[in-house]
Amino acid sequence: MRFGVVRFPGSCDEVDALLACRRFGDAQLLWHKERDLGGVDAVVVPGGFSYGDYLRAGAIARFSPLMESVIEFAREGGPVLGICNGFQVLCEAGLLPGALLPNRSLRFVCRQVDVIVENPDTPFTRACEAGEVLSVPVKHTTGRYHAPGIPEEQVVLRYAPGQNPNGAQDDIAGVCNAERNVLGLMPHPEHAVDPLTGSADGGRLFESVAAMVPAA
Amino acid sequence: MRVQVLIRPKEGILDPQGQAVEQALQALGFEGARNVHVGRLIELDVDNPQQVPEMCERLLANPLIEDYEIVIEHAGQMRSAAA
């Protein structure tokens with residue numbers, strides 16, 4: 001299993017994502033100017049401030065040469081995981097429904113939250129039970145998910161009651177596309193892969209994807 | 001040709017920035033200030049103004065959450081174009 005982790009100018013969580021992936025498989029960075037995905041089995045679009053988040057978060061990154069290839073990879077059924085800014089990029093790219101708006105509080109939030117696995121039937125959550133609670137951090141200013149009419153089965157992760165950090169519609173923390181091979185979430189599973197930092201629950205998502213392809 | 005694109009939060013979408021500005025205005029004593037919304041202004045020169053709607057749809061605005069209005073300069077005056 002080989003993960004490819006996208007690096008845009010302004011990415012800042014790509015190394016943590018790379019190290020998280022390497023706990024469960026091989027992983028390499030993918031530079032935004034390239035078009036070649038290097039034959040990876042799954043793509044992670046990490047957090048940060050791609051292209052400075054100018055105009056709108058993710059709006060410019062979405063048109064990078066590499067993203068054109070990622071969009072094609074996703075349309076062919078390849079698993080794509082977007083975390084935080086990566087989630088914003090995938091929404092802007094039209095791979096996921098909805099959009100991310102500024103937090104209701106207008107404040108940057110940085111805290112550990114509990115998220116509930118609502119749909120374990122995706123490549124990213126198949127190692128989880130329905131209703132399983134994962135403790136992972138959030139850190140963002142633009143995380144208020146907005147997608148009127150999104151089908152319930154596309155809601156993959158929800159903030160635990162009372163823990164919605166940004167005013168997201170229906171406490172939604174993570175969503176997938178109708179085909180379920182693309183997942184975006186605001187919390188950062190890559191920052192929660194070692195008990196040393198308080199929780200290893202985030203590893204469940206990487207573990208789920210890694211289980212798709214047997215170790216070489 | 002000089003063009004302005006006015007981008008506004010779509011009606012009905014919670015606009016906490018507008019609310020914060022409204023509260024600040026009221027705190028300054030401007031009690032009649034209501035329904036404040038904060039958007040974005042993009043100014044550009046274009047050769048072909050007919051391309052501007054597509055620019056808005058594809059990049060400048062996110063039509064899911066934002067409305068846009070295109071204003072084009074005619075004989076030194078800015079006039080709103082039918083979007």
# chains A, B, ... in the order shown; residues from 1 in each chain; ligands from 1
>>> interface_residues(of="chain A", to="chain B", cutoff="9 Å", atoms="only C-alpha atoms", output="PDB file with C-alpha atoms, in the first residue's frame")
ATOM      1  CA  LEU A  55      -9.601  34.316  -2.516  1.00  0.00           C
ATOM      2  CA  ARG A  56     -11.192  31.388  -0.617  1.00  0.00           C
ATOM      3  CA  ALA A  59     -10.010  27.886  -4.398  1.00  0.00           C
ATOM      4  CA  ILE A  60      -6.673  28.252  -6.171  1.00  0.00           C
ATOM      5  CA  GLU A  92     -13.814  23.530  -4.281  1.00  0.00           C
ATOM      6  CA  GLY A  98     -20.889  21.612   0.005  1.00  0.00           C
ATOM      7  CA  ALA A  99     -18.502  24.311   1.149  1.00  0.00           C
ATOM      8  CA  LEU A 100     -16.648  25.419   4.255  1.00  0.00           C
ATOM      9  CA  LEU A 101     -17.497  28.819   5.738  1.00  0.00           C
ATOM     10  CA  PRO A 102     -15.757  30.869   8.449  1.00  0.00           C
ATOM     11  CA  ASN A 103     -16.352  29.521  11.954  1.00  0.00           C
ATOM     12  CA  ARG A 104     -19.471  30.911  13.582  1.00  0.00           C
ATOM     13  CA  SER A 105     -17.280  32.325  16.383  1.00  0.00           C
ATOM     14  CA  LEU A 106     -14.978  33.993  13.816  1.00  0.00           C
ATOM     15  CA  HIS A 146     -22.555  23.937   4.686  1.00  0.00           C
ATOM     16  CA  ALA A 147     -24.325  21.547   2.322  1.00  0.00           C
TER      17      ALA A 147
END
>>> select_by_dssp(residues="chain B", states="alpha helix (DSSP H)", output="PDB file with N, CA and C atoms, in the first residue's frame")
ATOM      1  N   PRO B  16     -21.363  35.734  10.170  1.00  0.00           N
ATOM      2  CA  PRO B  16     -20.925  36.239  11.484  1.00  0.00           C
ATOM      3  C   PRO B  16     -20.072  37.494  11.372  1.00  0.00           C
ATOM      4  N   GLN B  17     -19.370  37.644  10.236  1.00  0.00           N
ATOM      5  CA  GLN B  17     -18.564  38.847  10.055  1.00  0.00           C
ATOM      6  C   GLN B  17     -19.468  40.078   9.951  1.00  0.00           C
ATOM      7  N   GLY B  18     -20.546  39.949   9.176  1.00  0.00           N
ATOM      8  CA  GLY B  18     -21.512  41.038   9.077  1.00  0.00           C
ATOM      9  C   GLY B  18     -22.125  41.362  10.431  1.00  0.00           C
ATOM     10  N   GLN B  19     -22.435  40.298  11.191  1.00  0.00           N
ATOM     11  CA  GLN B  19     -23.028  40.512  12.520  1.00  0.00           C
ATOM     12  C   GLN B  19     -22.064  41.254  13.442  1.00  0.00           C
ATOM     13  N   ALA B  20     -20.780  40.877  13.361  1.00  0.00           N
ATOM     14  CA  ALA B  20     -19.783  41.519  14.231  1.00  0.00           C
ATOM     15  C   ALA B  20     -19.643  42.993  13.879  1.00  0.00           C
ATOM     16  N   VAL B  21     -19.659  43.288  12.580  1.00  0.00           N
ATOM     17  CA  VAL B  21     -19.544  44.693  12.159  1.00  0.00           C
ATOM     18  C   VAL B  21     -20.792  45.470  12.592  1.00  0.00           C
ATOM     19  N   GLU B  22     -21.946  44.827  12.458  1.00  0.00           N
ATOM     20  CA  GLU B  22     -23.196  45.489  12.872  1.00  0.00           C
ATOM     21  C   GLU B  22     -23.162  45.827  14.360  1.00  0.00           C
ATOM     22  N   GLN B  23     -22.696  44.861  15.160  1.00  0.00           N
ATOM     23  CA  GLN B  23     -22.618  45.099  16.602  1.00  0.00           C
ATOM     24  C   GLN B  23     -21.632  46.223  16.915  1.00  0.00           C
ATOM     25  N   ALA B  24     -20.535  46.244  16.150  1.00  0.00           N
ATOM     26  CA  ALA B  24     -19.538  47.300  16.390  1.00  0.00           C
ATOM     27  C   ALA B  24     -20.112  48.669  16.040  1.00  0.00           C
ATOM     28  N   LEU B  25     -20.871  48.736  14.939  1.00  0.00           N
ATOM     29  CA  LEU B  25     -21.491  50.012  14.558  1.00  0.00           C
ATOM     30  C   LEU B  25     -22.465  50.471  15.629  1.00  0.00           C
ATOM     31  N   GLN B  26     -23.252  49.509  16.143  1.00  0.00           N
ATOM     32  CA  GLN B  26     -24.227  49.886  17.167  1.00  0.00           C
ATOM     33  C   GLN B  26     -23.531  50.325  18.452  1.00  0.00           C
ATOM     34  N   ALA B  27     -22.401  49.649  18.749  1.00  0.00           N
ATOM     35  CA  ALA B  27     -21.636  50.041  19.935  1.00  0.00           C
ATOM     36  C   ALA B  27     -21.082  51.458  19.790  1.00  0.00           C
ATOM     37  N   VAL B  52     -16.302  37.317 -18.148  1.00  0.00           N
ATOM     38  CA  VAL B  52     -16.316  37.530 -16.702  1.00  0.00           C
ATOM     39  C   VAL B  52     -17.301  36.608 -15.969  1.00  0.00           C
ATOM     40  N   PRO B  53     -18.508  36.366 -16.514  1.00  0.00           N
ATOM     41  CA  PRO B  53     -19.395  35.438 -15.795  1.00  0.00           C
ATOM     42  C   PRO B  53     -18.765  34.062 -15.582  1.00  0.00           C
ATOM     43  N   GLU B  54     -18.039  33.568 -16.606  1.00  0.00           N
ATOM     44  CA  GLU B  54     -17.398  32.260 -16.444  1.00  0.00           C
ATOM     45  C   GLU B  54     -16.274  32.330 -15.404  1.00  0.00           C
ATOM     46  N   MET B  55     -15.539  33.463 -15.403  1.00  0.00           N
ATOM     47  CA  MET B  55     -14.504  33.643 -14.372  1.00  0.00           C
ATOM     48  C   MET B  55     -15.128  33.553 -12.980  1.00  0.00           C
TER      49      MET B  55
END
>>> atom_distance(atom1="CA of Asp41 in chain A", atom2="CA of Ala57 in chain A")
26.3 Å
>>> atom_distance(atom1="CA of Pro123 in chain A", atom2="CA of Asp53 in chain A")
28.4 Å
>>> residues_around(residues="Arg126 in chain A", least_positions_apart="5", cutoff="6 Å", atoms="only C-alpha atoms", output="JSON list (two decimals) with C-alpha atoms, in the first residue's frame")
[["chain", "number", "residue", "atom", "x", "y", "z"],
["A", 120, "PRO", "CA", -18.25, 2.80, 8.73],
["A", 121, "ASP", "CA", -18.92, 1.67, 5.15],
["A", 208, "SER", "CA", -8.77, 1.45, 7.07]]
>>> atom_distance(atom1="CA of Cys176 in chain A", atom2="CA of Ala20 in chain A")
20.7 Å
>>> residues_around(residues="range 137-142 of chain A", least_positions_apart="5", cutoff="6 Å", atoms="only C-alpha atoms", output="list in words")
Leu101, Pro102, Asn103, Phe108, Val109, Cys110, Arg111, Gln112, Val113, Pro187 and His188 of chain A
>>> write_last_selection(atoms="N, CA and C atoms", output="tab-separated table (two decimals), in the first residue's frame")
chain	number	residue	atom	x	y	z
A	101	LEU	N	-17.35	27.39	5.46
A	101	LEU	CA	-17.50	28.82	5.74
A	101	LEU	C	-16.71	29.18	7.00
A	102	PRO	N	-16.46	30.47	7.22
A	102	PRO	CA	-15.76	30.87	8.45
A	102	PRO	C	-16.51	30.38	9.69
A	103	ASN	N	-15.75	29.99	10.71
A	103	ASN	CA	-16.35	29.52	11.95
A	103	ASN	C	-17.38	30.54	12.46
A	108	PHE	N	-10.19	31.34	15.48
A	108	PHE	CA	-9.42	30.12	15.22
A	108	PHE	C	-9.67	29.18	16.40
A	109	VAL	N	-10.08	27.95	16.12
A	109	VAL	CA	-10.28	26.98	17.20
A	109	VAL	C	-9.20	25.91	17.10
A	110	CYS	N	-8.66	25.54	18.25
A	110	CYS	CA	-7.63	24.51	18.31
A	110	CYS	C	-7.88	23.71	19.57
A	111	ARG	N	-8.49	22.55	19.41
A	111	ARG	CA	-8.80	21.74	20.59
A	111	ARG	C	-9.05	20.30	20.19
A	112	GLN	N	-8.98	19.43	21.18
A	112	GLN	CA	-9.29	18.02	20.96
A	112	GLN	C	-10.82	17.86	20.95
A	113	VAL	N	-11.36	17.12	19.98
A	113	VAL	CA	-12.81	16.89	19.96
A	113	VAL	C	-13.08	15.40	19.79
A	187	PRO	N	-11.42	17.65	11.27
A	187	PRO	CA	-10.45	17.21	12.28
A	187	PRO	C	-9.20	16.60	11.64
A	188	HIS	N	-8.14	16.52	12.45
A	188	HIS	CA	-6.83	16.09	11.94
A	188	HIS	C	-6.45	14.70	12.45
>>> residues_around(residues="Ala27 in chain A", least_positions_apart="2", cutoff="12 Å", atoms="only C-alpha atoms", output="PyMOL selection string")
chain A and resi 1-6+14-25+29-30+37-44+206+210
>>> write_last_selection(atoms="C-alpha atoms", output="mmCIF file, in the first residue's frame")
data_model
loop_
_atom_site.group_PDB
_atom_site.id
_atom_site.type_symbol
_atom_site.label_atom_id
_atom_site.label_comp_id
_atom_site.auth_asym_id
_atom_site.auth_seq_id
_atom_site.Cartn_x
_atom_site.Cartn_y
_atom_site.Cartn_z
ATOM 1 C CA MET A 1 0.000 0.000 0.000
ATOM 2 C CA ARG A 2 1.484 3.333 -1.054
ATOM 3 C CA PHE A 3 -0.009 6.665 -0.034
ATOM 4 C CA GLY A 4 0.722 9.880 -1.876
ATOM 5 C CA VAL A 5 0.564 13.052 0.218
ATOM 6 C CA VAL A 6 0.070 16.286 -1.704
ATOM 7 C CA GLU A 14 1.925 17.192 4.926
ATOM 8 C CA VAL A 15 4.836 15.784 6.962
ATOM 9 C CA ASP A 16 2.592 14.677 9.816
ATOM 10 C CA ALA A 17 0.274 13.108 7.231
ATOM 11 C CA LEU A 18 3.242 11.380 5.580
ATOM 12 C CA LEU A 19 4.436 9.980 8.919
ATOM 13 C CA ALA A 20 0.904 8.870 9.811
ATOM 14 C CA CYS A 21 0.612 7.034 6.487
ATOM 15 C CA ARG A 22 3.999 5.364 7.033
ATOM 16 C CA ARG A 23 2.691 3.725 10.187
ATOM 17 C CA PHE A 24 0.364 1.702 7.967
ATOM 18 C CA GLY A 25 2.110 1.530 4.589
ATOM 19 C CA LEU A 29 5.094 13.382 -1.102
ATOM 20 C CA LEU A 30 3.534 14.622 -4.356
ATOM 21 C CA LEU A 37 0.783 10.507 -9.078
ATOM 22 C CA GLY A 38 3.610 7.966 -9.123
ATOM 23 C CA GLY A 39 1.294 4.979 -9.092
ATOM 24 C CA VAL A 40 0.111 5.541 -5.506
ATOM 25 C CA ASP A 41 -2.874 3.560 -4.205
ATOM 26 C CA ALA A 42 -4.409 6.416 -2.214
ATOM 27 C CA VAL A 43 -4.017 10.202 -2.064
ATOM 28 C CA VAL A 44 -4.059 12.419 1.027
ATOM 29 C CA PHE A 206 -5.168 5.366 7.721
ATOM 30 C CA ALA A 210 -4.129 0.586 4.151
#
>>> select_by_dssp(residues="range 52-211 of chain A", states="strand (DSSP E)", output="short mmCIF file (atom, residue, chain, number, x, y, z; two decimals) with C-alpha atoms, in the first residue's frame")
data_model
loop_
_atom_site.label_atom_id
_atom_site.label_comp_id
_atom_site.auth_asym_id
_atom_site.auth_seq_id
_atom_site.Cartn_x
_atom_site.Cartn_y
_atom_site.Cartn_z
CA VAL A 80 -8.77 10.33 -1.67
CA LEU A 81 -8.67 11.73 1.87
CA GLY A 82 -8.85 15.48 2.40
CA ILE A 83 -7.98 16.83 5.82
CA ALA A 99 -18.50 24.31 1.15
CA LEU A 100 -16.65 25.42 4.25
CA LEU A 101 -17.50 28.82 5.74
CA VAL A 109 -10.28 26.98 17.20
CA CYS A 110 -7.63 24.51 18.31
CA ARG A 111 -8.80 21.74 20.59
CA GLN A 112 -9.29 18.02 20.96
CA VAL A 113 -12.81 16.89 19.96
CA ASP A 114 -14.73 13.64 19.95
CA VAL A 115 -16.14 12.65 16.58
CA ILE A 116 -18.62 9.84 16.01
CA VAL A 117 -18.26 7.44 13.12
CA VAL A 133 -15.96 7.70 19.05
CA LEU A 134 -12.59 9.01 17.90
CA SER A 135 -10.64 11.63 19.82
CA VAL A 136 -8.84 13.90 17.34
CA PRO A 137 -7.80 17.56 17.28
CA VAL A 138 -9.33 20.33 15.20
CA LYS A 139 -7.46 23.54 14.31
CA HIS A 140 -9.08 25.85 11.82
CA ARG A 144 -18.32 25.56 9.20
CA TYR A 145 -19.58 22.92 6.81
CA HIS A 146 -22.55 23.94 4.69
CA VAL A 155 -22.26 12.03 6.53
CA VAL A 156 -19.31 9.94 7.71
CA LEU A 157 -18.23 11.76 10.88
CA ARG A 158 -20.13 13.99 13.27
CA TYR A 159 -18.93 16.01 16.24
CA ILE A 172 -21.02 17.42 10.44
CA ALA A 173 -17.27 16.84 10.76
CA GLY A 174 -16.63 14.67 7.69
CA VAL A 175 -18.42 13.73 4.48
CA CYS A 176 -17.88 11.43 1.53
CA VAL A 182 -13.52 10.48 -1.38
CA LEU A 183 -13.63 11.62 2.24
CA GLY A 184 -13.12 15.12 3.61
CA LEU A 185 -12.97 16.04 7.27
#
